[in-house]
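Take a look at the structure set out below.
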Amino acid sequence: AGVPAAAPAPPPARHLFSDPAEVEALRGNLLAWYDRCKRDLPWRTLAATEPDADRRGYAVWVSEIMLQQTQVATVIHYYNRWMQVTAAYRVLCPQAAPSGDLVHCLWQIPSGKIQLCLSLTCPLPSLLPGVGRYTAGAIASISYGQATGVVDGNVIRVLCRLRCIGADSSSPAVIDRLWDMANVLVDSSRPGDFNQALMELGATVCVPKAPLCRECPVKQHCQAWRRVSMSPTAIVTLVFAGIGDCPLCPPATEPWDSSLGVTNFPRKAAKKPPRAMRTATCVLERRGCHGAPEYLIVQRPSSGLLAGLWEFPSLPLAQDLQEEKEREELAHHLQAWMGRPVAAKGLQFIGEVIHIFSHIHQTYVVYSLHLDGDVTLDPVLFPSRWVTEDEFHASAVSTAMKKV
């Protein structure tokens, strides 16, 4: 039998929060700053005033899901609207769940993350779908007072700067270390406030570019800030101590850049270039019963890209197809889908729409087709409906489809 591999060495103390006195001081400084400077946000007010723990949990959960999609300033309006509608819904129909369409119209996110019984008869967060480690930690600490840390993008940035963590901050090993740190730091008497303070610090002071270090309430605990204030010789000595053995130090191929200061941290692996995709999209149009044009939209699968959203009938294409071949493939797809012949020459080419997702450079090749009659699809296999232009824009459709 072979000799078991030695366990990896723990990170040096400089990357950890091992001094109880420093941890206590950091907590006190951060919470005092938060009490003075925190933003007035509706979900914070509700979490602080709602006596029912499960309702607090629901309120925090909704805010976290929305905040994962866009910025705070955008979320406030939608959050208030959502909470008003769901409160009214509970009064009118306390034991029912709203349809996915109601959910999508109020907030366009994947249905699997948001569909649940709004009567709040079940405990949170254990029974919520789509809840990961971060969201569960936020709900547990803010709504239930459990002393558990949270790690989101803002917290990653703050912790990496506080302890000069220069390894790839998106790697599972580094993320696990950051969770350990967050759980060490969290204040047991005010865990929800502490976690929100840490995130608030990352959102308003310890920002990705041009951080406001001189205004930071915990700069005396920040090793990145300390290094900015040191001589170049001292910086080199500290930054590269342990490189090659330390799992949290920057790699030797990425030296400290004095022009970046604290924004040397966190470091991330270089992003892969987005892959190119082409999709044929057909806008099927008919004359509605009131004379206005109507358009057929279909629902995407409940998982994957743009899950659960509605779109015009679409077909992924191979790259470098000639326009004639694209027409033929789209016509064949529509024919199998509608159960009636579709002539390729009847498809009118409109143009191309480019939409950039984070990992996909998507080109929609847009065609239109006018129909004289109705199209009946199997509602189980092909959820679909005819909509007017106004109804289309009020539906749960992606920005890409609005461009189309």
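To be explicit about the labels: the chains of the structure tokens are called A, B, and onward in the order shown, and within each one the residues are counted from 1, while ligands get numbers from 1 in the order they are shown.
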Could you give me, as a Markdown table, every range 128-196 of chain A residue with an atom at most 12 Å from range 67-79 of chain A, plus its closest atom pair and distance in Å to one decimal, counting only C-alpha atoms, rows ordered by chain then number?
```
| residue | atom | partner | partner_atom | distance |
| --- | --- | --- | --- | --- |
| A:Val131 | CA | A:Gln68 | CA | 11.8 |
| A:Gly132 | CA | A:Gln68 | CA | 11.8 |
| A:Tyr134 | CA | A:Gln68 | CA | 10.7 |
| A:Thr135 | CA | A:Gln68 | CA | 9.6 |
| A:Asp152 | CA | A:Gln68 | CA | 9.5 |
| A:Gly153 | CA | A:Gln68 | CA | 10.0 |
| A:Asn154 | CA | A:Gln68 | CA | 11.7 |
```
Write a file of the selected residues as an mmCIF file, in the first residue's frame, keeping C-alpha atoms.
```
data_model
loop_
_atom_site.group_PDB
_atom_site.id
_atom_site.type_symbol
_atom_site.label_atom_id
_atom_site.label_comp_id
_atom_site.auth_asym_id
_atom_site.auth_seq_id
_atom_site.Cartn_x
_atom_site.Cartn_y
_atom_site.Cartn_z
ATOM 1 C CA VAL A 131 -31.667 28.492 -1.703
ATOM 2 C CA GLY A 132 -27.908 28.061 -1.659
ATOM 3 C CA TYR A 134 -25.199 32.238 0.911
ATOM 4 C CA THR A 135 -28.969 32.839 0.817
ATOM 5 C CA ASP A 152 -21.053 36.968 -1.397
ATOM 6 C CA GLY A 153 -19.106 39.039 -3.913
ATOM 7 C CA ASN A 154 -18.819 42.014 -1.580
#
```
### Task
Give the alpha helix (DSSP H) residues of range 191-322 of chain A, as DSSP finds them on the backbone, and put them as a VMD selection string.
chain A and resid 191 to 204 223 to 228 232 to 239
### Residue among A:Lys345, A:Arg300, A:Lys209, A:Lys403 lying closest to Val366 in chain A, counting only C-alpha atoms
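Nearest to Val366 in chain A: A:Lys403.
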### Task
Give the answer as one residue: which of A:Val155, A:Ala182, A:Leu248, A:Ala147 has the shortest atom-to-atom distance to Pro208 in chain A, using only C-alpha atoms?
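Between A:Val155, A:Ala182, A:Leu248, A:Ala147, the residue approaching Pro208 in chain A most closely is A:Val155.
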## Note on the structure
With distances taken over only C-alpha atoms, the candidate from A:Ile354, A:Leu306, A:Ala318, A:Leu284 nearest Met338 in chain A is A:Leu284
Which residues of range 152-255 of chain A have any atom within 10 Å of an atom in range 43-55 of chain A when counting only C-alpha atoms, and what is the closest pair of atoms for each, with the distance in Å to one decimal? Order the rows by chain and rising number and write it as JSON lines.
```
{"residue": "A:Gly192", "atom": "CA", "partner": "A:Ala47", "partner_atom": "CA", "distance": 9.6}
{"residue": "A:Asp193", "atom": "CA", "partner": "A:Arg44", "partner_atom": "CA", "distance": 9.4}
{"residue": "A:Gln196", "atom": "CA", "partner": "A:Arg44", "partner_atom": "CA", "distance": 9.2}
```
Just write the chosen residues, N, CA, C and O atoms, as a compact mmCIF listing (two decimals), in the first residue's frame.
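Wrote it out as part_35.txt, contents follow:
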```
# COMPACT_ATOMS: atom_id res chain seq x y z
N GLY A 192 -27.04 39.11 12.19
CA GLY A 192 -27.65 39.68 10.99
C GLY A 192 -27.10 41.05 10.67
O GLY A 192 -26.76 41.35 9.51
N ASP A 193 -26.98 41.90 11.68
CA ASP A 193 -26.43 43.23 11.46
C ASP A 193 -24.97 43.15 11.02
O ASP A 193 -24.52 43.91 10.14
N GLN A 196 -24.80 42.06 7.38
CA GLN A 196 -25.21 43.16 6.51
C GLN A 196 -24.16 44.28 6.50
O GLN A 196 -23.93 44.92 5.48
```
### Query
Which of these residues is nearest to Pro273 in chain A, using only C-alpha atoms: A:Ile356, A:Pro250, A:Pro42, A:Gly202?
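With only C-alpha atoms as the atom set, the closest residue is A:Ile356.
The closest residue to Ile65 in chain A, picked from A:Ala138, A:Leu309, A:Ala280, A:Ile297 and counting only C-alpha atoms, is A:Ala138.
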### Task
Please measure the separation of CA of Met199 in chain A and CA of Ala270 in chain A, giving the value in Å to one decimal.
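Computing it gives 24.5 Å between the two atoms.
A straight line drawn from CA of Lys268 in chain A to CA of Leu198 in chain A is 20.4 Å long.
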So that each row is one residue of range 181-255 of chain A with an atom at most 9 Å from range 17-23 of chain A, can you give its shortest atom pair and the distance in Å to one decimal, using only C-alpha atoms, rows by chain and rising number, as a tab-separated table?
```
residue	atom	partner	partner_atom	distance
A:Met181	CA	A:Phe17	CA	6.9
A:Val184	CA	A:Phe17	CA	7.4
A:Leu185	CA	A:Val23	CA	6.3
A:His221	CA	A:Glu22	CA	7.6
```
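Straight-line separation from CA of Trp33 in chain A to CA of Leu16 in chain A: 22.7 Å.
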Show which residues sit within 12 Å of Asp176 in chain A, as a PDB file with C-alpha atoms, in the first residue's frame. Count only C-alpha atoms, and ignore same-chain residues fewer than 4 positions away.
```
ATOM      1  CA  ARG A 133     -25.341  28.445   1.083  1.00  0.00           C
ATOM      2  CA  GLY A 149     -21.448  33.937   8.315  1.00  0.00           C
ATOM      3  CA  VAL A 150     -22.205  34.838   4.711  1.00  0.00           C
ATOM      4  CA  VAL A 151     -19.957  35.067   1.688  1.00  0.00           C
ATOM      5  CA  ILE A 156     -15.107  38.096  -0.852  1.00  0.00           C
ATOM      6  CA  SER A 169     -10.911  34.014  -5.253  1.00  0.00           C
ATOM      7  CA  SER A 170     -13.339  31.972  -7.337  1.00  0.00           C
ATOM      8  CA  SER A 171     -11.636  28.642  -6.627  1.00  0.00           C
ATOM      9  CA  PRO A 172     -13.504  26.233  -4.309  1.00  0.00           C
ATOM     10  CA  ASP A 180     -14.329  29.748   7.539  1.00  0.00           C
ATOM     11  CA  MET A 181     -13.226  33.351   8.058  1.00  0.00           C
ATOM     12  CA  ALA A 182     -16.761  34.684   7.825  1.00  0.00           C
ATOM     13  CA  ASN A 183     -17.919  32.209  10.462  1.00  0.00           C
ATOM     14  CA  PRO A 247      -2.418  28.323  -0.871  1.00  0.00           C
ATOM     15  CA  LEU A 248      -3.711  31.866  -0.338  1.00  0.00           C
TER      16      LEU A 248
END
```
